[in-house]
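Engineer: Below: one structure in structure tokens.
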4 protein chains.
Amino acid sequence: MCRWLAYTGTPILLDELLYKPKHSLIDQSLHSQLGATTTNGDGFGIGCYGEGDNPALYKSILPAWNDRNLHELAGHIRARLVFAHIRASSGTPVQQTNCHPFRHGKWLWMHNGSIARFQDVKRELMLAVDPSLYADIEGSTDTEVFFFLALTFGLENNPPAAVERAVGFIEAVSGKRAIKYPIQMTVATSDGQTVWVFRYSSVGRSQSLFYTTNMTTLRAQYPDNPIFHELSDETRLVVSEPLSDLAGIWKEVPESSYGVIDRGQDELKSFTPQQT
Amino acid sequence: MCRWLAYTGTPILLDELLYKPKHSLIDQSLHSQLGATTTNGDGFGIGCYGEGDNPALYKSILPAWNDRNLHELAGHIRARLVFAHIRASSGTPVQQTNCHPFRHGKWLWMHNGSIARFQDVKRELMLAVDPSLYADIEGSTDTEVFFFLALTFGLENNPPAAVERAVGFIEAVSGKRAIKYPIQMTVATSDGQTVWVFRYSSVGRSQSLFYTTNMTTLRAQYPDNPIFHELSDETRLVVSEPLSDLAGIWKEVPESSYGVIDRGQDELKSFTPQQT
Amino acid sequence: MCRWLAYTGTPILLDELLYKPKHSLIDQSLHSQLGATTTNGDGFGIGCYGEGDNPALYKSILPAWNDRNLHELAGHIRARLVFAHIRASSGTPVQQTNCHPFRHGKWLWMHNGSIARFQDVKRELMLAVDPSLYADIEGSTDTEVFFFLALTFGLENNPPAAVERAVGFIEAVSGKRAIKYPIQMTVATSDGQTVWVFRYSSVGRSQSLFYTTNMTTLRAQYPDNPIFHELSDETRLVVSEPLSDLAGIWKEVPESSYGVIDRGQDELKSFTPQQT
Amino acid sequence: MCRWLAYTGTPILLDELLYKPKHSLIDQSLHSQLGATTTNGDGFGIGCYGEGDNPALYKSILPAWNDRNLHELAGHIRARLVFAHIRASSGTPVQQTNCHPFRHGKWLWMHNGSIARFQDVKRELMLAVDPSLYADIEGSTDTEVFFFLALTFGLENNPPAAVERAVGFIEAVSGKRAIKYPIQMTVATSDGQTVWVFRYSSVGRSQSLFYTTNMTTLRAQYPDNPIFHELSDETRLVVSEPLSDLAGIWKEVPESSYGVIDRGQDELKSFTPQQT
């Protein structure tokens with residue numbers, strides 16, 4: 001299992017997102033509290049939208065807590081849309097091509113969870129990936145195959161529908177092999193403008209997922225906390241695990257649902273895998 | 001392109017094989033003379049048969065010339081059958097799962113050369129891999145797919161026939177896409193007992209490959225060189241590029257041929273790809 | 001803080017030492033129970049005596065739990081005297097030259113603990129190192145300086161006396177700066193024949209240290225456990241933290257004491273820092 | 001030996017500096033033409049002034065030509081003052097703390113060359129470093145000690161004088177040991193505003209160093225080359241080795257001299273080591 005964070009809003013120094021919070025993502029790499037594993041030390045990755053349409057990636061096989069370059073870059077890079085992911089491998093090798101987020105053109109994708117008995121279903125899932133996309137798969141994780149299935153099912157046109165079809169397909173393929181609970185997932189994806197986040201698991205007890213509430217409310221609630229006054233109304237943060245215990249700041253994404261965040265609007269909807 | 005070395009015979013300290021020769025493999029990682037590239041700095045790997053049936057692997061993404069662990073291990077590990085490979089990537093990522101030699105059970109496999117336009121034929125080649133072997137492919141190189149095709153075509157029973165079929169299959173798949181020269185290769189493979197080496201290219205101008213001549217002859221020729229007296233009659237060395245300019249020591253493996261080395265016997269035969 | 005293990009006795013496959021025990025050192029890299037930190041993921045090192053007089057080192061900046069080369073080597077290397085160390089950095093960079101064990105000629109040295117406010121006393125400690133040894137210091141840890149102080153004070157002739165003088169010197173230098181508790185340490189050192197282990201801290205509450213009891217006793221106590229019958233009477237294991245909860249197998253090294261293990265003989269003595 | 005590049009002027013995408021030139025620094029990491037070594041594959045480092053007063057560093061032990069993060073970052077980071085360095089180690093370990101540029105507060109420092117028989121003079125040079133700076137030395141290279149000597153001799157107040165005194169001191173210390181040619185150097189240093197570059201060697205045959213000529217002249221000379229029209233008059237580039245063979249663009253920094261570049265002004269002066 002892993003931990004991740006998705007941020008969109010006022011351009012922010014990565015340091016503020018990754019290191020400064022009390023229970024920051026970097027801290028979670030050593031001491032996760034809600035994750036299936038307490039240590040997420042099997043590499044990490046950061047994706048940022050900035051210069052150009054396509055996001056930049058920084059990936060490392062070191063634990064996030066002792067990567068000096070990350071600390072350096074965090075103090076000097078400011079971005080309006082950031083994905084950050086710390087990995088706890090469920091078996092596939094620790095190498096940069098297996099670090100999230102994954103990228104395809106302007107799209108980013110990251111995942112906490114796993115496809116059950118992935119090695120048994122990998123070939124059939126890979127076969128379903130659009131042949132024109134096949135050669136772009138670089139690593140060996142379940143997450144990347146899941147991403148490419150979503151791309152195959154139309155992620156670039158309708159992300160929620162594409163993810164519902166990808167999950168439905170994975171459940172169907174796994175079902176044929178009598179795999180009881182095929183998938184466990186919280187997923188974030190973005191085209192650089194909108195962010196979609198998903199929480200679902202075949203077993204119905206999904207990994208945790210939280211998002212920050214409306215900034216206007218927060219400013220009224222905490223008139224003395226400068227951070228809420230520096231960030232625009234449109235700013236949102238979605239996390240596997242809260243970065244602080246500030247009352248009222250974190251709302252849980254419900255089971256079997258997804259959220260859409262776009263220019264300060266956010267909405268939650270029901271998520272239902274579709275078998276085609 | 002890459003450089004490699006295969007050794008079988010008297011158990012030898014890796015240091016003698018990898019560092020001590022005048023134009024050693026480690027030296028070739030910085031200054032190759034016959035290779036398509038002069039620098040082979042994109043990782044390396046060593047496979048040794050010793051304890052147990054299956055060989056041990058040591059792989060690194062650092063250039064061989066500055067990997068301190070390799071230098072340490074070379075001074076302390078003695079083996080009777082060694083594969084060593086230094087990589088110059090033709091595009092796929094520099095990661096341990098892409099370093100040669102590749103292993104399957106007791107088998108090792110390494111390769112200098114490439115499959116032309118690999119990204120275009122990868123999916124079709126992967127589909128031809130036996131489904132029971134599919135999930136064992138860990139990296140993203142052409143060489144590993146080639147290895148698994150050879151395994152699919154019976155490498156464990158009849159290596160020369162399996163490699164001829166694998167190459168024939170690659171040429172057929174590439175031919176359908178009008179790829180003119182589908183494969184360039186020198187390959188070594190072993191089950192821990194016998195070593196097979198192959199030299200072939202679709203274009204008919206293959207990368208170089210050399211082997212040492214009979215030890216008895218060498219002892220007579222160089223009565224004062226201690227190295228030839230310490231090594232048994234059965235010892236053989238096959239290399240991409242000679243490790244010294246000692247006259248008479250290196251014989252070239254001819255174009256489109258393969259060699260079989262087993263307990264001091266070696267023979268060269270003609271290699272002809274088979275399309276099935 | 002860190003965790004370590006020192007083994008001497010019947011040549012053993014590293015796998016048996018490092019991976020197979022229930023609460024193995026590799027397991028402790030993720031889940032230490034007695035250490036000051038639960039995760040020891042800031043690199044590791046292994047030193048083994050084998051071929052030649054001087055030990056071989058294998059060091060890595062990856063967490064021990066996901067270093068594939070270590071796993072490979074552990075399955076193929078057998079040694080009669082092994083030092084293994086997993087690191088939790090107290091601030092100095094994670095790099096191979098900071099991984100324990102440190103080596104000087106045939107000597108190895110590893111340490112769990114730290115020199116308090118090391119950056120404040122580093123220059124004075126470095127100045128006390130014998131000028132002929134100075135240039136051999138490669139990394140930036142407190143432990144390596146401590147080792148070179150011990151060498152300066154005669155480690156190669158009388159290890160307990162040299163360590164007592166080194167600790168006395170560190171306490172004196174720190175005392176001048178009003179550092180209350182200058183050193184916390186469990187240390188192991190060896191010349192390839194004898195192993196010395198030390199447990200001491202200025203505060204008088206030292207990190208834990210355990211050793212295995214006499215093999216003859218253990219065989220009588222556990223007549224059905226094969227492991228005690230395969231290992232010779234001379235075999236001893238010293239660890240920061242027990243590898244299992246087998247009753248009677250682990251004895252604690254007392255506060256302010258040191259042990260000497262040589263050819264199956266072991267004795268515990270009192271340790272008292274000496275100021276010169 | 002190494003290769004380096006210093007840029008100051010119009011904020012530029014790192015990609016334009018590091019990858020796009022015909023004979024770029026990344027290309028030089030594999031194929032240097034003027035360097036003492038053709039391969040500079042022992043790590044690299046980039047320093048950029050941007051957010052805040054102090055520069056950000058990115059360092060890696062991989063060869064620059066296959067570091068994916070560098071390629072990513074280069075496409076997304078724009079900076080007005082950049083130091084880039086590719087390393088060919090003269091013996092000290094390949095680790096991030098040995099990669100140039102080195103940093104102290106807002107100062108950067110990088111070096112091509114070496115201090116002769118550094119291990120023999122290291123202790124005496126280290127002793128001369130101001131004790132208040134001593135603990136900030138992180139790595140083990142001659143270059144970092146040279147930097148800290150320059151800081152000790154007043155780099156932050158008068159860089160040319162401080163470097164002249166540091167070099168004079170090194171020559172004096174080496175002279176006592178009958179080291180014939182104590183130092184070989186091209187050095188760049190900056191406080192984020194001004195850039196100083198030095199070319200000197202005790203033997204009087206220094207490594208090469210070039211700088212770009214006045215932009216106004218270049219625009220007149222190459223009216224059709226867009227690059228000269230996008231960059232401001234104040235832009236300057238200093239390199240170990242020209243990035244192209246464009247006639248008239250590169251001027252050589254003479255032997256035993258230094259240059260000062262500040263807001264479009266540049267001047268060359270004579271460099272004479274001072275013994276104090």
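So you can find residues: chains in the structure tokens are A, B, ... in the order shown, residues in each start at 1, and ligands are numbered from 1 in order.
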Please, which residues of chain C lie no more than 9 Å from chain A when the count uses only C-alpha atoms, and can they be set out as a list of chain:residue names?

Structural biologist: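 Listing them in order of chain and number gives C:Leu30, C:His31, C:Thr38, C:Thr39, C:Gly41, C:Asp42, C:Ile61, C:Leu62, C:Pro63, C:Asn66, C:Asp67, C:Arg68, C:Pro93, C:Val94.
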
Engineer: Please identify the alpha helix (DSSP H) residues within segment 156-216 of chain C (assignment by DSSP from backbone atoms) and present them as a VMD selection string.

Structural biologist: chain C and resid 159 to 176 215 to 216

Engineer: So that I can see what lies close to segment 137-140 of chain B, please list as a list in words the residues with an atom at most 9 Å from it, counting only C-alpha atoms and leaving out residues fewer than 3 positions away in the same chain.

Structural biologist: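 Answer for this query is Thr92, Pro93, Ile137, Glu138, Gly139 and Ser140 of chain A; Thr92, Pro93, Gln95, Gln96, Thr97, Asn98, Cys99, Leu133, Tyr134, Thr143, Glu144, Val145 and Phe148 of chain B.
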
Engineer: Using only C-alpha atoms, which protein or nucleic acid residues come within 8 Å of segment 198-202 of chain D? Drop anything in the same chain fewer than 4 positions from it, and give the result as number ranges by chain.

Structural biologist: D: 171, 181-188, 206-209, 253-259, 271

Engineer: I want to know what sits within 9 Å of Gly105 of chain D, based on only C-alpha atoms, with residues of the same chain fewer than 6 positions away left out; could you give that as a ChimeraX atom specification?

Structural biologist: /D:53-55,191

Engineer: Could you write out, as a VMD selection string, all the residues of segment 7-128 of chain D that DSSP marks as strand (DSSP E or B)?

Structural biologist: chain D and resid 7 to 13 44 to 49 56 to 60 78 to 86 102 to 104 107 to 115

Engineer: Residues within 10 Å of Ala135 of chain B, please, as a list in words. Count only C-alpha atoms; anything in the same chain fewer than 2 positions from it doesn't count.

Structural biologist: Phe118, Gln119, Asp120, Val121, Lys122, Arg123 and Ser140 of chain A; Val129, Asp130, Pro131, Ser132, Leu133, Ile137 and Glu138 of chain B

Engineer: Okay, now the selection with C-alpha atoms, as a compact mmCIF listing (two decimals), in the first residue's frame?

Structural biologist:
# COMPACT_ATOMS: atom_id res chain seq x y z
CA PHE A 118 -1.82 -9.42 -10.22
CA GLN A 119 0.68 -11.88 -11.69
CA ASP A 120 -2.18 -14.27 -12.49
CA VAL A 121 -4.24 -11.72 -14.41
CA LYS A 122 -1.46 -9.53 -15.82
CA ARG A 123 -1.33 -11.13 -19.26
CA SER A 140 5.78 -3.67 -14.14
CA VAL B 129 5.63 -15.98 -24.95
CA ASP B 130 4.17 -19.02 -23.20
CA PRO B 131 1.41 -17.73 -20.87
CA SER B 132 2.87 -19.73 -17.98
CA LEU B 133 6.15 -17.80 -18.36
CA ILE B 137 9.25 -11.11 -17.35
CA GLU B 138 10.37 -8.34 -15.04

Engineer: Near Leu237 of chain D, within 6 Å and counting only C-alpha atoms, which residues show up once chain neighbours fewer than 4 positions away are dropped, as a short mmCIF file (atom, residue, chain, number, x, y, z; two decimals) with C-alpha atoms, in the first residue's frame?

Structural biologist:
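So the final result, stored in selection.cif, reads:
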data_model
loop_
_atom_site.label_atom_id
_atom_site.label_comp_id
_atom_site.auth_asym_id
_atom_site.auth_seq_id
_atom_site.Cartn_x
_atom_site.Cartn_y
_atom_site.Cartn_z
CA ALA D 6 28.18 28.71 -15.91
CA TYR D 7 25.31 30.77 -17.30
CA TYR D 211 33.29 32.39 -22.68
CA THR D 212 30.76 33.83 -25.09
#

Engineer: Quick check, in Å to one decimal: how far apart do atom CA of Ala88 of chain A and atom CA of Val197 of chain A lie?

Structural biologist: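 Answer for the atom CA of Ala88 of chain A to atom CA of Val197 of chain A separation: 19.9 Å.
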